[in-house]
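Asker: Before I ask anything, here is the structure I am working with.
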Amino acid sequence: DAEFGSNLDTIGSNAFYYCPSLRRITIPLKDNLFPPHPVLHRCTQFDNCPNLTTIDLVGGIHNIISSLLLKTWRDDMNHEIDSINFFLPHFAGHEKIDAIQPWIRSVLCKIVHYKAEHSKLLKEATTLLELAIWKAKLDEKTDSSHEG
C-alpha cells in the first residue's frame, strides 16, 4: 500500500513501475496528479501494477460531500468515488492510469456541479427567508396601525 497526504502535487512517471505488490493507493483528489512520461508522452505511473485494485482519497473531499444539502447528492458523490474500486481490478496494469485519470476528472466535475447547486439553493432559501421577514414586518405595521 502507498499513502500520500493532501499536499501531494504529482506522482512522477514510473513511480510504481512494475510493483506487483501494490494493491491500494491513497491520494488527494487533484487533476494533473499524474504527469505524462517525458519520452513516451503517456502516463506510466502504474505500468505493470496488476494488483492495484483500490484507490482511496485524502483531503477535504469527504467533508465537502457530507456537507452537501441533499442526500441524493451525497449518495451520488459517494457512488462516484467508490466506482473506481469496482472497475480498476478489470484493467490491465498498463491501463490502470487510463481509468484513474478520467475518474478523478469526473469526481471533480461532479463536486463542482453539486457545490454550485448547493449554493444556488442556499441563495434561494435566503431570499425566501428575507421576503418572509419583510412580509412579517409589513403585517406587523399594518396590525399596529389598525389598533391605534
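Residue numbers start at 1 in each chain; chains themselves are named A, B, ... in the order of the C-alpha cells; ligands are numbered from 1 in the order shown.
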Could you pull out the strand (DSSP E or B) residues of chain A, going by DSSP on the backbone, and write them as a PyMOL selection string?
Answerer: chain A and resi 2-3+24-28+54-58
Asker: I'd like the neighbourhood of range 83-88 of chain A as a list in words, where a residue qualifies if any of its atoms comes within 8 Å (using only C-alpha atoms), though same-chain residues fewer than 4 positions away should be ignored.
Answerer: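 Everything that qualifies: Leu52, Thr53, Thr54, Ile55, His79, Lys96, Ala99, Ile100 and Trp103 of chain A.
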Asker: Give the alpha helix (DSSP H) residues of chain A, as DSSP finds them on the backbone, and put them as a PDB file with N, CA, C and O atoms, in the first residue's frame.
Answerer:
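The resulting out.pdb:
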```pdb
ATOM      1  N   ILE A  61     -12.332  16.232   0.697  1.00  0.00           N
ATOM      2  CA  ILE A  61     -13.436  15.813  -0.174  1.00  0.00           C
ATOM      3  C   ILE A  61     -14.567  15.170   0.609  1.00  0.00           C
ATOM      4  O   ILE A  61     -15.741  15.412   0.340  1.00  0.00           O
ATOM      5  N   HIS A  62     -14.253  14.376   1.603  1.00  0.00           N
ATOM      6  CA  HIS A  62     -15.310  13.703   2.367  1.00  0.00           C
ATOM      7  C   HIS A  62     -16.103  14.693   3.220  1.00  0.00           C
ATOM      8  O   HIS A  62     -17.310  14.534   3.397  1.00  0.00           O
ATOM      9  N   ASN A  63     -15.446  15.743   3.719  1.00  0.00           N
ATOM     10  CA  ASN A  63     -16.154  16.795   4.451  1.00  0.00           C
ATOM     11  C   ASN A  63     -17.067  17.579   3.526  1.00  0.00           C
ATOM     12  O   ASN A  63     -18.179  17.951   3.908  1.00  0.00           O
ATOM     13  N   ILE A  64     -16.583  17.849   2.330  1.00  0.00           N
ATOM     14  CA  ILE A  64     -17.406  18.562   1.339  1.00  0.00           C
ATOM     15  C   ILE A  64     -18.653  17.755   1.033  1.00  0.00           C
ATOM     16  O   ILE A  64     -19.762  18.281   1.022  1.00  0.00           O
ATOM     17  N   ILE A  65     -18.481  16.477   0.797  1.00  0.00           N
ATOM     18  CA  ILE A  65     -19.614  15.614   0.454  1.00  0.00           C
ATOM     19  C   ILE A  65     -20.614  15.556   1.605  1.00  0.00           C
ATOM     20  O   ILE A  65     -21.815  15.666   1.393  1.00  0.00           O
ATOM     21  N   SER A  66     -20.124  15.414   2.813  1.00  0.00           N
ATOM     22  CA  SER A  66     -21.047  15.312   3.954  1.00  0.00           C
ATOM     23  C   SER A  66     -21.815  16.607   4.194  1.00  0.00           C
ATOM     24  O   SER A  66     -22.872  16.588   4.811  1.00  0.00           O
ATOM     25  N   LYS A  71     -29.414  14.426   0.327  1.00  0.00           N
ATOM     26  CA  LYS A  71     -28.886  13.073   0.482  1.00  0.00           C
ATOM     27  C   LYS A  71     -28.601  12.432  -0.871  1.00  0.00           C
ATOM     28  O   LYS A  71     -27.611  11.712  -1.025  1.00  0.00           O
ATOM     29  N   THR A  72     -29.435  12.703  -1.865  1.00  0.00           N
ATOM     30  CA  THR A  72     -29.200  12.119  -3.194  1.00  0.00           C
ATOM     31  C   THR A  72     -27.875  12.597  -3.776  1.00  0.00           C
ATOM     32  O   THR A  72     -27.182  11.841  -4.446  1.00  0.00           O
ATOM     33  N   TRP A  73     -27.510  13.851  -3.503  1.00  0.00           N
ATOM     34  CA  TRP A  73     -26.213  14.356  -3.974  1.00  0.00           C
ATOM     35  C   TRP A  73     -25.072  13.639  -3.254  1.00  0.00           C
ATOM     36  O   TRP A  73     -24.089  13.244  -3.870  1.00  0.00           O
ATOM     37  N   ARG A  74     -25.205  13.492  -1.950  1.00  0.00           N
ATOM     38  CA  ARG A  74     -24.167  12.807  -1.174  1.00  0.00           C
ATOM     39  C   ARG A  74     -24.017  11.364  -1.644  1.00  0.00           C
ATOM     40  O   ARG A  74     -22.895  10.873  -1.832  1.00  0.00           O
ATOM     41  N   ASP A  75     -25.144  10.702  -1.853  1.00  0.00           N
ATOM     42  CA  ASP A  75     -25.099   9.311  -2.320  1.00  0.00           C
ATOM     43  C   ASP A  75     -24.456   9.209  -3.695  1.00  0.00           C
ATOM     44  O   ASP A  75     -23.654   8.306  -3.954  1.00  0.00           O
ATOM     45  N   ASP A  76     -24.811  10.139  -4.589  1.00  0.00           N
ATOM     46  CA  ASP A  76     -24.239  10.129  -5.934  1.00  0.00           C
ATOM     47  C   ASP A  76     -22.729  10.345  -5.887  1.00  0.00           C
ATOM     48  O   ASP A  76     -21.963   9.661  -6.568  1.00  0.00           O
ATOM     49  N   MET A  77     -22.286  11.280  -5.062  1.00  0.00           N
ATOM     50  CA  MET A  77     -20.850  11.534  -4.948  1.00  0.00           C
ATOM     51  C   MET A  77     -20.122  10.330  -4.353  1.00  0.00           C
ATOM     52  O   MET A  77     -19.058   9.946  -4.845  1.00  0.00           O
ATOM     53  N   ASN A  78     -20.677   9.738  -3.322  1.00  0.00           N
ATOM     54  CA  ASN A  78     -20.041   8.556  -2.729  1.00  0.00           C
ATOM     55  C   ASN A  78     -19.995   7.401  -3.720  1.00  0.00           C
ATOM     56  O   ASN A  78     -18.998   6.675  -3.789  1.00  0.00           O
ATOM     57  N   HIS A  79     -21.054   7.248  -4.498  1.00  0.00           N
ATOM     58  CA  HIS A  79     -21.069   6.210  -5.528  1.00  0.00           C
ATOM     59  C   HIS A  79     -19.985   6.478  -6.582  1.00  0.00           C
ATOM     60  O   HIS A  79     -19.281   5.562  -7.009  1.00  0.00           O
ATOM     61  N   GLU A  80     -19.861   7.729  -6.988  1.00  0.00           N
ATOM     62  CA  GLU A  80     -18.842   8.086  -7.983  1.00  0.00           C
ATOM     63  C   GLU A  80     -17.440   7.812  -7.446  1.00  0.00           C
ATOM     64  O   GLU A  80     -16.594   7.279  -8.146  1.00  0.00           O
ATOM     65  N   ILE A  81     -17.200   8.170  -6.200  1.00  0.00           N
ATOM     66  CA  ILE A  81     -15.882   7.920  -5.597  1.00  0.00           C
ATOM     67  C   ILE A  81     -15.610   6.426  -5.506  1.00  0.00           C
ATOM     68  O   ILE A  81     -14.513   5.964  -5.815  1.00  0.00           O
ATOM     69  N   ASP A  82     -16.602   5.652  -5.098  1.00  0.00           N
ATOM     70  CA  ASP A  82     -16.414   4.207  -4.940  1.00  0.00           C
ATOM     71  C   ASP A  82     -16.313   3.470  -6.276  1.00  0.00           C
ATOM     72  O   ASP A  82     -15.781   2.355  -6.326  1.00  0.00           O
ATOM     73  N   SER A  83     -16.800   4.074  -7.340  1.00  0.00           N
ATOM     74  CA  SER A  83     -16.864   3.373  -8.635  1.00  0.00           C
ATOM     75  C   SER A  83     -15.502   2.918  -9.139  1.00  0.00           C
ATOM     76  O   SER A  83     -15.397   1.859  -9.750  1.00  0.00           O
ATOM     77  N   ILE A  84     -14.457   3.671  -8.873  1.00  0.00           N
ATOM     78  CA  ILE A  84     -13.130   3.287  -9.370  1.00  0.00           C
ATOM     79  C   ILE A  84     -12.711   1.935  -8.821  1.00  0.00           C
ATOM     80  O   ILE A  84     -12.080   1.136  -9.508  1.00  0.00           O
ATOM     81  N   ASN A  85     -13.113   1.641  -7.601  1.00  0.00           N
ATOM     82  CA  ASN A  85     -12.703   0.386  -6.974  1.00  0.00           C
ATOM     83  C   ASN A  85     -13.475  -0.819  -7.512  1.00  0.00           C
ATOM     84  O   ASN A  85     -13.057  -1.955  -7.306  1.00  0.00           O
ATOM     85  N   PHE A  86     -14.567  -0.566  -8.229  1.00  0.00           N
ATOM     86  CA  PHE A  86     -15.281  -1.653  -8.907  1.00  0.00           C
ATOM     87  C   PHE A  86     -14.668  -1.929 -10.270  1.00  0.00           C
ATOM     88  O   PHE A  86     -14.616  -3.063 -10.717  1.00  0.00           O
ATOM     89  N   PHE A  87     -14.196  -0.863 -10.942  1.00  0.00           N
ATOM     90  CA  PHE A  87     -13.696  -1.010 -12.308  1.00  0.00           C
ATOM     91  C   PHE A  87     -12.202  -1.277 -12.393  1.00  0.00           C
ATOM     92  O   PHE A  87     -11.747  -1.984 -13.292  1.00  0.00           O
ATOM     93  N   LYS A  96      -4.312   0.979 -16.008  1.00  0.00           N
ATOM     94  CA  LYS A  96      -4.869   1.475 -14.739  1.00  0.00           C
ATOM     95  C   LYS A  96      -4.962   2.998 -14.734  1.00  0.00           C
ATOM     96  O   LYS A  96      -5.974   3.567 -14.357  1.00  0.00           O
ATOM     97  N   ILE A  97      -3.891   3.656 -15.157  1.00  0.00           N
ATOM     98  CA  ILE A  97      -3.870   5.116 -15.149  1.00  0.00           C
ATOM     99  C   ILE A  97      -4.927   5.685 -16.095  1.00  0.00           C
ATOM    100  O   ILE A  97      -5.484   6.751 -15.845  1.00  0.00           O
ATOM    101  N   ASP A  98      -5.234   4.945 -17.164  1.00  0.00           N
ATOM    102  CA  ASP A  98      -6.258   5.386 -18.119  1.00  0.00           C
ATOM    103  C   ASP A  98      -7.655   5.321 -17.511  1.00  0.00           C
ATOM    104  O   ASP A  98      -8.581   5.947 -18.022  1.00  0.00           O
ATOM    105  N   ALA A  99      -7.816   4.579 -16.444  1.00  0.00           N
ATOM    106  CA  ALA A  99      -9.088   4.549 -15.711  1.00  0.00           C
ATOM    107  C   ALA A  99      -9.087   5.587 -14.598  1.00  0.00           C
ATOM    108  O   ALA A  99     -10.103   6.224 -14.332  1.00  0.00           O
ATOM    109  N   ILE A 100      -7.944   5.786 -13.961  1.00  0.00           N
ATOM    110  CA  ILE A 100      -7.863   6.664 -12.797  1.00  0.00           C
ATOM    111  C   ILE A 100      -8.021   8.134 -13.177  1.00  0.00           C
ATOM    112  O   ILE A 100      -8.765   8.876 -12.524  1.00  0.00           O
ATOM    113  N   GLN A 101      -7.352   8.563 -14.231  1.00  0.00           N
ATOM    114  CA  GLN A 101      -7.411   9.992 -14.585  1.00  0.00           C
ATOM    115  C   GLN A 101      -8.815  10.469 -14.955  1.00  0.00           C
ATOM    116  O   GLN A 101      -9.254  11.499 -14.441  1.00  0.00           O
ATOM    117  N   PRO A 102      -9.556   9.773 -15.818  1.00  0.00           N
ATOM    118  CA  PRO A 102     -10.926  10.232 -16.089  1.00  0.00           C
ATOM    119  C   PRO A 102     -11.830  10.170 -14.859  1.00  0.00           C
ATOM    120  O   PRO A 102     -12.714  10.997 -14.700  1.00  0.00           O
ATOM    121  N   TRP A 103     -11.585   9.209 -14.009  1.00  0.00           N
ATOM    122  CA  TRP A 103     -12.356   9.109 -12.766  1.00  0.00           C
ATOM    123  C   TRP A 103     -12.127  10.338 -11.892  1.00  0.00           C
ATOM    124  O   TRP A 103     -13.085  10.920 -11.365  1.00  0.00           O
ATOM    125  N   ILE A 104     -10.873  10.754 -11.741  1.00  0.00           N
ATOM    126  CA  ILE A 104     -10.574  11.953 -10.960  1.00  0.00           C
ATOM    127  C   ILE A 104     -11.303  13.152 -11.545  1.00  0.00           C
ATOM    128  O   ILE A 104     -11.943  13.924 -10.820  1.00  0.00           O
ATOM    129  N   ARG A 105     -11.232  13.313 -12.862  1.00  0.00           N
ATOM    130  CA  ARG A 105     -11.903  14.452 -13.509  1.00  0.00           C
ATOM    131  C   ARG A 105     -13.409  14.392 -13.305  1.00  0.00           C
ATOM    132  O   ARG A 105     -14.056  15.411 -13.083  1.00  0.00           O
ATOM    133  N   SER A 106     -13.965  13.193 -13.374  1.00  0.00           N
ATOM    134  CA  SER A 106     -15.404  13.021 -13.187  1.00  0.00           C
ATOM    135  C   SER A 106     -15.824  13.410 -11.767  1.00  0.00           C
ATOM    136  O   SER A 106     -16.824  14.110 -11.571  1.00  0.00           O
ATOM    137  N   VAL A 107     -15.079  12.960 -10.785  1.00  0.00           N
ATOM    138  CA  VAL A 107     -15.389  13.298  -9.391  1.00  0.00           C
ATOM    139  C   VAL A 107     -15.269  14.806  -9.188  1.00  0.00           C
ATOM    140  O   VAL A 107     -16.141  15.426  -8.564  1.00  0.00           O
ATOM    141  N   LEU A 108     -14.217  15.409  -9.729  1.00  0.00           N
ATOM    142  CA  LEU A 108     -14.039  16.858  -9.597  1.00  0.00           C
ATOM    143  C   LEU A 108     -15.174  17.625 -10.257  1.00  0.00           C
ATOM    144  O   LEU A 108     -15.687  18.595  -9.690  1.00  0.00           O
ATOM    145  N   CYS A 109     -15.582  17.199 -11.446  1.00  0.00           N
ATOM    146  CA  CYS A 109     -16.689  17.874 -12.147  1.00  0.00           C
ATOM    147  C   CYS A 109     -17.989  17.764 -11.362  1.00  0.00           C
ATOM    148  O   CYS A 109     -18.732  18.741 -11.242  1.00  0.00           O
ATOM    149  N   LYS A 110     -18.258  16.580 -10.823  1.00  0.00           N
ATOM    150  CA  LYS A 110     -19.493  16.402 -10.051  1.00  0.00           C
ATOM    151  C   LYS A 110     -19.500  17.248  -8.792  1.00  0.00           C
ATOM    152  O   LYS A 110     -20.522  17.835  -8.440  1.00  0.00           O
ATOM    153  N   ILE A 111     -18.372  17.331  -8.120  1.00  0.00           N
ATOM    154  CA  ILE A 111     -18.351  18.107  -6.888  1.00  0.00           C
ATOM    155  C   ILE A 111     -18.525  19.593  -7.193  1.00  0.00           C
ATOM    156  O   ILE A 111     -19.218  20.301  -6.463  1.00  0.00           O
ATOM    157  N   VAL A 112     -17.951  20.068  -8.291  1.00  0.00           N
ATOM    158  CA  VAL A 112     -18.151  21.464  -8.692  1.00  0.00           C
ATOM    159  C   VAL A 112     -19.628  21.705  -8.990  1.00  0.00           C
ATOM    160  O   VAL A 112     -20.210  22.707  -8.572  1.00  0.00           O
ATOM    161  N   HIS A 113     -20.237  20.761  -9.697  1.00  0.00           N
ATOM    162  CA  HIS A 113     -21.666  20.879 -10.023  1.00  0.00           C
ATOM    163  C   HIS A 113     -22.527  20.941  -8.760  1.00  0.00           C
ATOM    164  O   HIS A 113     -23.374  21.826  -8.610  1.00  0.00           O
ATOM    165  N   TYR A 114     -22.311  20.002  -7.847  1.00  0.00           N
ATOM    166  CA  TYR A 114     -23.136  19.956  -6.634  1.00  0.00           C
ATOM    167  C   TYR A 114     -22.875  21.144  -5.715  1.00  0.00           C
ATOM    168  O   TYR A 114     -23.790  21.630  -5.049  1.00  0.00           O
ATOM    169  N   LYS A 115     -21.649  21.623  -5.666  1.00  0.00           N
ATOM    170  CA  LYS A 115     -21.370  22.809  -4.857  1.00  0.00           C
ATOM    171  C   LYS A 115     -22.111  24.018  -5.435  1.00  0.00           C
ATOM    172  O   LYS A 115     -22.657  24.832  -4.684  1.00  0.00           O
ATOM    173  N   ALA A 116     -22.163  24.119  -6.758  1.00  0.00           N
ATOM    174  CA  ALA A 116     -22.898  25.223  -7.400  1.00  0.00           C
ATOM    175  C   ALA A 116     -24.396  25.096  -7.122  1.00  0.00           C
ATOM    176  O   ALA A 116     -25.066  26.090  -6.816  1.00  0.00           O
ATOM    177  N   GLU A 117     -24.928  23.893  -7.225  1.00  0.00           N
ATOM    178  CA  GLU A 117     -26.350  23.665  -6.935  1.00  0.00           C
ATOM    179  C   GLU A 117     -26.654  23.963  -5.469  1.00  0.00           C
ATOM    180  O   GLU A 117     -27.685  24.543  -5.143  1.00  0.00           O
ATOM    181  N   HIS A 118     -25.758  23.555  -4.598  1.00  0.00           N
ATOM    182  CA  HIS A 118     -25.900  23.806  -3.164  1.00  0.00           C
ATOM    183  C   HIS A 118     -25.964  25.313  -2.905  1.00  0.00           C
ATOM    184  O   HIS A 118     -26.860  25.798  -2.193  1.00  0.00           O
ATOM    185  N   SER A 119     -25.050  26.033  -3.510  1.00  0.00           N
ATOM    186  CA  SER A 119     -25.016  27.489  -3.344  1.00  0.00           C
ATOM    187  C   SER A 119     -26.286  28.132  -3.887  1.00  0.00           C
ATOM    188  O   SER A 119     -26.844  29.038  -3.267  1.00  0.00           O
ATOM    189  N   LYS A 120     -26.757  27.649  -5.015  1.00  0.00           N
ATOM    190  CA  LYS A 120     -27.983  28.180  -5.626  1.00  0.00           C
ATOM    191  C   LYS A 120     -29.184  27.969  -4.698  1.00  0.00           C
ATOM    192  O   LYS A 120     -29.980  28.894  -4.477  1.00  0.00           O
ATOM    193  N   LEU A 121     -29.312  26.784  -4.130  1.00  0.00           N
ATOM    194  CA  LEU A 121     -30.419  26.510  -3.216  1.00  0.00           C
ATOM    195  C   LEU A 121     -30.325  27.363  -1.948  1.00  0.00           C
ATOM    196  O   LEU A 121     -31.350  27.837  -1.441  1.00  0.00           O
ATOM    197  N   LEU A 122     -29.129  27.560  -1.441  1.00  0.00           N
ATOM    198  CA  LEU A 122     -28.972  28.402  -0.257  1.00  0.00           C
ATOM    199  C   LEU A 122     -29.358  29.849  -0.556  1.00  0.00           C
ATOM    200  O   LEU A 122     -29.990  30.509   0.266  1.00  0.00           O
ATOM    201  N   LYS A 123     -28.995  30.341  -1.734  1.00  0.00           N
ATOM    202  CA  LYS A 123     -29.370  31.707  -2.115  1.00  0.00           C
ATOM    203  C   LYS A 123     -30.885  31.830  -2.238  1.00  0.00           C
ATOM    204  O   LYS A 123     -31.471  32.819  -1.794  1.00  0.00           O
ATOM    205  N   GLU A 124     -31.520  30.830  -2.839  1.00  0.00           N
ATOM    206  CA  GLU A 124     -32.981  30.850  -2.962  1.00  0.00           C
ATOM    207  C   GLU A 124     -33.638  30.833  -1.586  1.00  0.00           C
ATOM    208  O   GLU A 124     -34.591  31.571  -1.337  1.00  0.00           O
ATOM    209  N   ALA A 125     -33.135  29.993  -0.699  1.00  0.00           N
ATOM    210  CA  ALA A 125     -33.701  29.906   0.654  1.00  0.00           C
ATOM    211  C   ALA A 125     -33.494  31.220   1.416  1.00  0.00           C
ATOM    212  O   ALA A 125     -34.396  31.670   2.139  1.00  0.00           O
ATOM    213  N   THR A 126     -32.348  31.831   1.243  1.00  0.00           N
ATOM    214  CA  THR A 126     -32.079  33.118   1.896  1.00  0.00           C
ATOM    215  C   THR A 126     -33.038  34.187   1.396  1.00  0.00           C
ATOM    216  O   THR A 126     -33.585  34.971   2.184  1.00  0.00           O
ATOM    217  N   THR A 127     -33.265  34.206   0.093  1.00  0.00           N
ATOM    218  CA  THR A 127     -34.197  35.181  -0.485  1.00  0.00           C
ATOM    219  C   THR A 127     -35.601  34.969   0.052  1.00  0.00           C
ATOM    220  O   THR A 127     -36.288  35.935   0.424  1.00  0.00           O
ATOM    221  N   LEU A 128     -36.047  33.713   0.113  1.00  0.00           N
ATOM    222  CA  LEU A 128     -37.374  33.428   0.651  1.00  0.00           C
ATOM    223  C   LEU A 128     -37.491  33.841   2.115  1.00  0.00           C
ATOM    224  O   LEU A 128     -38.515  34.381   2.534  1.00  0.00           O
ATOM    225  N   LEU A 129     -36.453  33.596   2.876  1.00  0.00           N
ATOM    226  CA  LEU A 129     -36.460  33.985   4.281  1.00  0.00           C
ATOM    227  C   LEU A 129     -36.513  35.503   4.423  1.00  0.00           C
ATOM    228  O   LEU A 129     -37.283  36.030   5.241  1.00  0.00           O
ATOM    229  N   GLU A 130     -35.742  36.206   3.624  1.00  0.00           N
ATOM    230  CA  GLU A 130     -35.766  37.672   3.667  1.00  0.00           C
ATOM    231  C   GLU A 130     -37.148  38.210   3.303  1.00  0.00           C
ATOM    232  O   GLU A 130     -37.643  39.146   3.938  1.00  0.00           O
ATOM    233  N   LEU A 131     -37.774  37.610   2.292  1.00  0.00           N
ATOM    234  CA  LEU A 131     -39.121  38.030   1.909  1.00  0.00           C
ATOM    235  C   LEU A 131     -40.127  37.752   3.023  1.00  0.00           C
ATOM    236  O   LEU A 131     -41.010  38.566   3.287  1.00  0.00           O
ATOM    237  N   ALA A 132     -39.994  36.606   3.672  1.00  0.00           N
ATOM    238  CA  ALA A 132     -40.906  36.258   4.763  1.00  0.00           C
ATOM    239  C   ALA A 132     -40.745  37.224   5.927  1.00  0.00           C
ATOM    240  O   ALA A 132     -41.730  37.656   6.537  1.00  0.00           O
ATOM    241  N   ILE A 133     -39.513  37.596   6.246  1.00  0.00           N
ATOM    242  CA  ILE A 133     -39.273  38.555   7.327  1.00  0.00           C
ATOM    243  C   ILE A 133     -39.839  39.915   6.949  1.00  0.00           C
ATOM    244  O   ILE A 133     -40.493  40.579   7.766  1.00  0.00           O
ATOM    245  N   TRP A 134     -39.595  40.319   5.725  1.00  0.00           N
ATOM    246  CA  TRP A 134     -40.117  41.608   5.248  1.00  0.00           C
ATOM    247  C   TRP A 134     -41.645  41.628   5.327  1.00  0.00           C
ATOM    248  O   TRP A 134     -42.240  42.580   5.799  1.00  0.00           O
ATOM    249  N   LYS A 135     -42.287  40.527   4.889  1.00  0.00           N
ATOM    250  CA  LYS A 135     -43.750  40.445   4.936  1.00  0.00           C
ATOM    251  C   LYS A 135     -44.241  40.464   6.382  1.00  0.00           C
ATOM    252  O   LYS A 135     -45.235  41.123   6.698  1.00  0.00           O
ATOM    253  N   ALA A 136     -43.570  39.758   7.277  1.00  0.00           N
ATOM    254  CA  ALA A 136     -43.969  39.736   8.683  1.00  0.00           C
ATOM    255  C   ALA A 136     -43.883  41.132   9.296  1.00  0.00           C
ATOM    256  O   ALA A 136     -44.781  41.552  10.042  1.00  0.00           O
ATOM    257  N   LYS A 137     -42.838  41.868   8.955  1.00  0.00           N
ATOM    258  CA  LYS A 137     -42.711  43.239   9.468  1.00  0.00           C
ATOM    259  C   LYS A 137     -43.794  44.136   8.891  1.00  0.00           C
ATOM    260  O   LYS A 137     -44.355  44.983   9.595  1.00  0.00           O
ATOM    261  N   LEU A 138     -44.109  43.955   7.631  1.00  0.00           N
ATOM    262  CA  LEU A 138     -45.170  44.738   6.986  1.00  0.00           C
ATOM    263  C   LEU A 138     -46.518  44.419   7.623  1.00  0.00           C
ATOM    264  O   LEU A 138     -47.297  45.331   7.926  1.00  0.00           O
ATOM    265  N   ASP A 139     -46.793  43.143   7.870  1.00  0.00           N
ATOM    266  CA  ASP A 139     -48.035  42.734   8.529  1.00  0.00           C
ATOM    267  C   ASP A 139     -48.106  43.303   9.950  1.00  0.00           C
ATOM    268  O   ASP A 139     -49.171  43.724  10.410  1.00  0.00           O
ATOM    269  N   GLU A 140     -46.974  43.336  10.622  1.00  0.00           N
ATOM    270  CA  GLU A 140     -46.915  43.881  11.979  1.00  0.00           C
ATOM    271  C   GLU A 140     -47.245  45.365  11.988  1.00  0.00           C
ATOM    272  O   GLU A 140     -48.003  45.831  12.849  1.00  0.00           O
ATOM    273  N   LYS A 141     -46.724  46.082  11.007  1.00  0.00           N
ATOM    274  CA  LYS A 141     -47.032  47.515  10.915  1.00  0.00           C
ATOM    275  C   LYS A 141     -48.517  47.737  10.596  1.00  0.00           C
ATOM    276  O   LYS A 141     -49.138  48.632  11.145  1.00  0.00           O
ATOM    277  N   THR A 142     -49.045  46.911   9.717  1.00  0.00           N
ATOM    278  CA  THR A 142     -50.454  47.027   9.345  1.00  0.00           C
ATOM    279  C   THR A 142     -51.354  46.751  10.552  1.00  0.00           C
ATOM    280  O   THR A 142     -52.315  47.473  10.797  1.00  0.00           O
ATOM    281  N   ASP A 143     -51.030  45.707  11.317  1.00  0.00           N
ATOM    282  CA  ASP A 143     -51.807  45.389  12.511  1.00  0.00           C
ATOM    283  C   ASP A 143     -51.754  46.498  13.550  1.00  0.00           C
ATOM    284  O   ASP A 143     -52.754  46.857  14.165  1.00  0.00           O
ATOM    285  N   SER A 144     -50.587  47.097  13.762  1.00  0.00           N
ATOM    286  CA  SER A 144     -50.469  48.149  14.775  1.00  0.00           C
ATOM    287  C   SER A 144     -51.147  49.428  14.307  1.00  0.00           C
ATOM    288  O   SER A 144     -51.654  50.190  15.130  1.00  0.00           O
ATOM    289  N   SER A 145     -51.244  49.671  13.020  1.00  0.00           N
ATOM    290  CA  SER A 145     -51.938  50.876  12.555  1.00  0.00           C
ATOM    291  C   SER A 145     -53.446  50.701  12.682  1.00  0.00           C
ATOM    292  O   SER A 145     -54.181  51.667  12.890  1.00  0.00           O
ATOM    293  N   HIS A 146     -53.955  49.483  12.570  1.00  0.00           N
ATOM    294  CA  HIS A 146     -55.387  49.214  12.740  1.00  0.00           C
ATOM    295  C   HIS A 146     -55.789  49.291  14.218  1.00  0.00           C
ATOM    296  O   HIS A 146     -56.913  49.628  14.545  1.00  0.00           O
ATOM    297  N   GLU A 147     -54.864  48.972  15.100  1.00  0.00           N
ATOM    298  CA  GLU A 147     -55.151  49.001  16.529  1.00  0.00           C
ATOM    299  C   GLU A 147     -55.134  50.426  17.073  1.00  0.00           C
ATOM    300  O   GLU A 147     -55.809  50.730  18.033  1.00  0.00           O
TER     301      GLU A 147
END
```
Asker: Find, counting only C-alpha atoms, the residue in A:Gly60, A:His94, A:Ser67, A:Pro50 that gets nearest to Leu22 in chain A.
Answerer: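 Counting only C-alpha atoms, the residue closest to Leu22 in chain A is A:Pro50.
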Asker: How far is it from CA of Phe4 in chain A to CA of Pro36 in chain A, in Å with one decimal?
Answerer: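 About the pair CA of Phe4 in chain A and CA of Pro36 in chain A: they are 19.4 Å apart.
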Asker: What is the distance, in Å and to one decimal place, between CA of Asn7 in chain A and CA of Gln45 in chain A?
Answerer: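 Separation of CA of Asn7 in chain A and CA of Gln45 in chain A: 18.3 Å.
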